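Colleague: Dropping the structure in here first, questions after.
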Amino acid sequence: MIATAADGESSPPRFLRLAGHPLRWRLLSELARSDRRVGELCALAGRHQSLVSYHLRQLRDGGLVSMHRSAADGRDSYYVLDLPRCGELLASAGVSLHPGLAPTPRARAERRSALARVLFLCTGNSARSQIAEALCEQLSRGAVSAASAGSHPKPLHPNAVRVMRERGIDLAGRRSKHLSEFRHRRFDYVISLCDRVREVCPEFPGGPELIHWSIPDPAREPGSDEETLPAFERTTTALSTRIDFLIEAIETTTTTREVTERA
């Protein structure tokens with residue numbers, strides 16, 4: 001339904017009013033690339049913290065952005081963009097203008113060669129990064145070559161194996177790896193999934209794009225394996241959503257580059 005102002009004129013949906021502000025759009029754009037701390041957002045936007053914090057609060061109140069404490073330093077916080085929610089609100093805004101603007105899903109084609117190489121990092125390489133690697137391989141249908149490692153590798157967590165088996169992926173034969181194994185390999189993207197490993201992430205050759213997803217460690221949840229299984233399921237769902245958007249961005253970027261090169 002189109003919102004109507006007091007004078008009878010139609011008013012843009014709230015998502016457009018929120019996203020339409022130049023600074024808020026800049027913050028959304030930065031958070032679409034990587035989870036960020038407020039100090040990083042201030043530096044990227046070139047604005048004072050009081051102003052950035054004010055607009056972040058507007059985005060949080062609008063349900064577009066959330067905040068949680070850093071696992072590396074509890075005095076700090078990461079801001080996270082809810083991309084699926086943004087997609088829903090953007091689609092709704094289009095439909096409110098005209099029903100013909102309803103989005104249609106795009107099929108993901110099978111590819112013979114990878115478009116990009118991605119390395120997922122966490123502390124133990126026992127759950128989050130292993131799950132991300134496997135999901136990326138499955139969801140990209142050949143578009144992405146994925147690997148994973150940890151700063152302090154630990155054995156693969158049985159709940160990681162369990163939740164992925166339910167998705168038709170067998171992790172049982174995979175081993176945990178130290179990130180030093182990959183220090184000489186080239187990647188297009190290096191994605192840290194842990195606040196702690198982000199602080200110790202080494203430099204990789206070729207200048208890959210560094211992305212941070214602040215994903216809580218399900219293995220740190222108290223309780224038995226059975227009691228913590230829901231935390232692993234939530235982690236897998238969150239990673240699946242983020243990886244879907246990552247693959248879409250990779251495919252779009254590659255297609256745009258190929259068209260430019262042919263022109």
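Residues in the structure tokens are named by chain (A, B, ... in the order shown) and by number from 1 within that chain; ligands are numbered from 1 in the order shown.
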As a list of chain:residue names, please: the residues near His212 of chain A (cut-off 7 Å, only C-alpha atoms, same-chain neighbours under 4 positions excluded).
Modeller: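 What passes the distance filter is A:Ser34, A:Asp35, A:Ile191, A:Ser192, A:Leu193.
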Colleague: Those same residues - C-alpha atoms - I'd like them written as a compact mmCIF listing (two decimals), in the first residue's frame.
Modeller:
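Below is the file that was written, out_38.txt:
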```txt
# COMPACT_ATOMS: atom_id res chain seq x y z
CA SER A 34 31.74 -6.15 5.38
CA ASP A 35 30.68 -5.96 9.03
CA ILE A 191 36.57 -13.65 4.56
CA SER A 192 37.09 -13.72 8.33
CA LEU A 193 34.16 -15.17 10.25
```
Colleague: Select from segment 52-254 of chain A everything DSSP, run on the backbone, classes as strand (DSSP E), then give the selection as an MDAnalysis selection string.
Modeller: chainID A and resid 65:69 77:81 116:122 144:150 189:192 209:212
Colleague: Please, could you write that set of residues out with N, CA and C atoms as a short mmCIF file (atom, residue, chain, number, x, y, z; two decimals), in the first residue's frame?
Modeller:
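Final output, out_39.cif:
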```cif
data_model
loop_
_atom_site.label_atom_id
_atom_site.label_comp_id
_atom_site.auth_asym_id
_atom_site.auth_seq_id
_atom_site.Cartn_x
_atom_site.Cartn_y
_atom_site.Cartn_z
N VAL A 65 19.81 -2.61 10.18
CA VAL A 65 21.13 -2.86 10.75
C VAL A 65 20.98 -3.35 12.18
N SER A 66 21.83 -4.27 12.58
CA SER A 66 21.88 -4.74 13.97
C SER A 66 23.29 -4.54 14.50
N MET A 67 23.45 -4.68 15.81
CA MET A 67 24.74 -4.46 16.46
C MET A 67 24.95 -5.54 17.50
N HIS A 68 26.19 -6.05 17.60
CA HIS A 68 26.50 -6.97 18.69
C HIS A 68 27.95 -6.79 19.12
N ARG A 69 28.23 -7.18 20.35
CA ARG A 69 29.55 -7.01 20.92
C ARG A 69 30.59 -7.87 20.21
N SER A 77 31.93 -2.99 19.30
CA SER A 77 30.75 -3.62 18.70
C SER A 77 30.88 -3.63 17.18
N TYR A 78 30.25 -4.63 16.58
CA TYR A 78 30.18 -4.71 15.12
C TYR A 78 28.76 -4.39 14.67
N TYR A 79 28.68 -3.65 13.56
CA TYR A 79 27.39 -3.37 12.94
C TYR A 79 27.23 -4.30 11.74
N VAL A 80 26.04 -4.87 11.63
CA VAL A 80 25.77 -5.90 10.62
C VAL A 80 24.53 -5.49 9.82
N LEU A 81 24.64 -5.54 8.50
CA LEU A 81 23.52 -5.20 7.62
C LEU A 81 22.67 -6.43 7.37
N ALA A 116 35.97 -17.13 -9.08
CA ALA A 116 36.70 -16.50 -7.99
C ALA A 116 37.17 -17.55 -6.99
N ARG A 117 38.23 -17.19 -6.25
CA ARG A 117 38.77 -18.05 -5.20
C ARG A 117 38.55 -17.36 -3.86
N VAL A 118 37.94 -18.09 -2.92
CA VAL A 118 37.58 -17.51 -1.63
C VAL A 118 38.17 -18.35 -0.50
N LEU A 119 38.74 -17.67 0.49
CA LEU A 119 39.26 -18.33 1.69
C LEU A 119 38.46 -17.86 2.88
N PHE A 120 37.87 -18.81 3.63
CA PHE A 120 37.12 -18.50 4.85
C PHE A 120 38.01 -18.80 6.06
N LEU A 121 38.06 -17.86 7.01
CA LEU A 121 38.90 -18.03 8.18
C LEU A 121 38.10 -17.90 9.47
N CYS A 122 38.40 -18.75 10.44
CA CYS A 122 37.92 -18.56 11.81
C CYS A 122 39.02 -19.04 12.74
N VAL A 144 32.53 -20.61 -7.64
CA VAL A 144 33.52 -20.20 -6.64
C VAL A 144 34.34 -21.41 -6.20
N SER A 145 35.65 -21.22 -6.12
CA SER A 145 36.55 -22.22 -5.53
C SER A 145 36.80 -21.79 -4.09
N ALA A 146 36.41 -22.62 -3.13
CA ALA A 146 36.46 -22.22 -1.72
C ALA A 146 37.47 -23.06 -0.94
N ALA A 147 38.04 -22.43 0.09
CA ALA A 147 38.93 -23.11 1.03
C ALA A 147 38.67 -22.51 2.41
N SER A 148 39.20 -23.17 3.46
CA SER A 148 39.01 -22.66 4.81
C SER A 148 40.21 -23.01 5.67
N ALA A 149 40.41 -22.22 6.73
CA ALA A 149 41.52 -22.45 7.65
C ALA A 149 41.24 -21.73 8.97
N GLY A 150 42.12 -21.99 9.96
CA GLY A 150 41.96 -21.37 11.27
C GLY A 150 43.28 -20.93 11.84
N TYR A 189 39.08 -13.25 -2.58
CA TYR A 189 38.41 -12.79 -1.36
C TYR A 189 38.93 -13.60 -0.18
N VAL A 190 39.23 -12.90 0.92
CA VAL A 190 39.54 -13.56 2.19
C VAL A 190 38.50 -13.07 3.19
N ILE A 191 37.70 -14.00 3.70
CA ILE A 191 36.57 -13.65 4.56
C ILE A 191 36.80 -14.20 5.96
N SER A 192 36.96 -13.30 6.93
CA SER A 192 37.09 -13.72 8.33
C SER A 192 35.70 -13.82 8.93
N GLU A 209 40.39 -9.04 -1.75
CA GLU A 209 39.45 -8.19 -1.00
C GLU A 209 39.21 -8.83 0.36
N LEU A 210 39.39 -8.05 1.42
CA LEU A 210 39.21 -8.54 2.79
C LEU A 210 37.80 -8.19 3.25
N ILE A 211 37.08 -9.20 3.71
CA ILE A 211 35.70 -9.05 4.16
C ILE A 211 35.58 -9.66 5.56
N HIS A 212 34.80 -9.02 6.41
CA HIS A 212 34.59 -9.58 7.75
C HIS A 212 33.10 -9.82 7.99
#
```
Colleague: Would you please work out which residue, of A:Leu90, A:Val38, A:Ala43, A:Ile169, is nearest to Arg75 of chain A when using only C-alpha atoms?
Modeller: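 Among A:Leu90, A:Val38, A:Ala43, A:Ile169, it is A:Val38 that comes nearest to Arg75 of chain A.
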Colleague: Separation of atom CA of Asp195 of chain A and atom CA of Ile215 of chain A, in Å?
Modeller: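 Separating atom CA of Asp195 of chain A from atom CA of Ile215 of chain A is a distance of 7.9 Å.
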Colleague: Point out the residue among A:Ile250, A:Val197, A:Leu229, A:Ala238 with the least atom-to-atom distance to Ser70 of chain A, counting only C-alpha atoms.
Modeller: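 The closest residue to Ser70 of chain A is A:Val197.
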Colleague: Mind checking which residues fall within 9 Å of Arg242 of chain A, counting only C-alpha atoms, ignoring those fewer than 5 positions away in the same chain, and posting them as number ranges by chain?
Modeller: A: 83-84, 213, 237, 247
Colleague: Filtering to C-alpha atoms, could you give me those residues as a compact mmCIF listing (two decimals), in the first residue's frame?
Modeller:
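Contents of result-v1.txt, freshly written:
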```txt
# COMPACT_ATOMS: atom_id res chain seq x y z
CA LEU A 83 20.65 -7.89 3.46
CA PRO A 84 17.60 -10.18 3.18
CA TRP A 213 31.43 -11.40 8.82
CA THR A 237 21.47 -20.56 8.02
CA ILE A 247 28.01 -15.46 -5.02
```
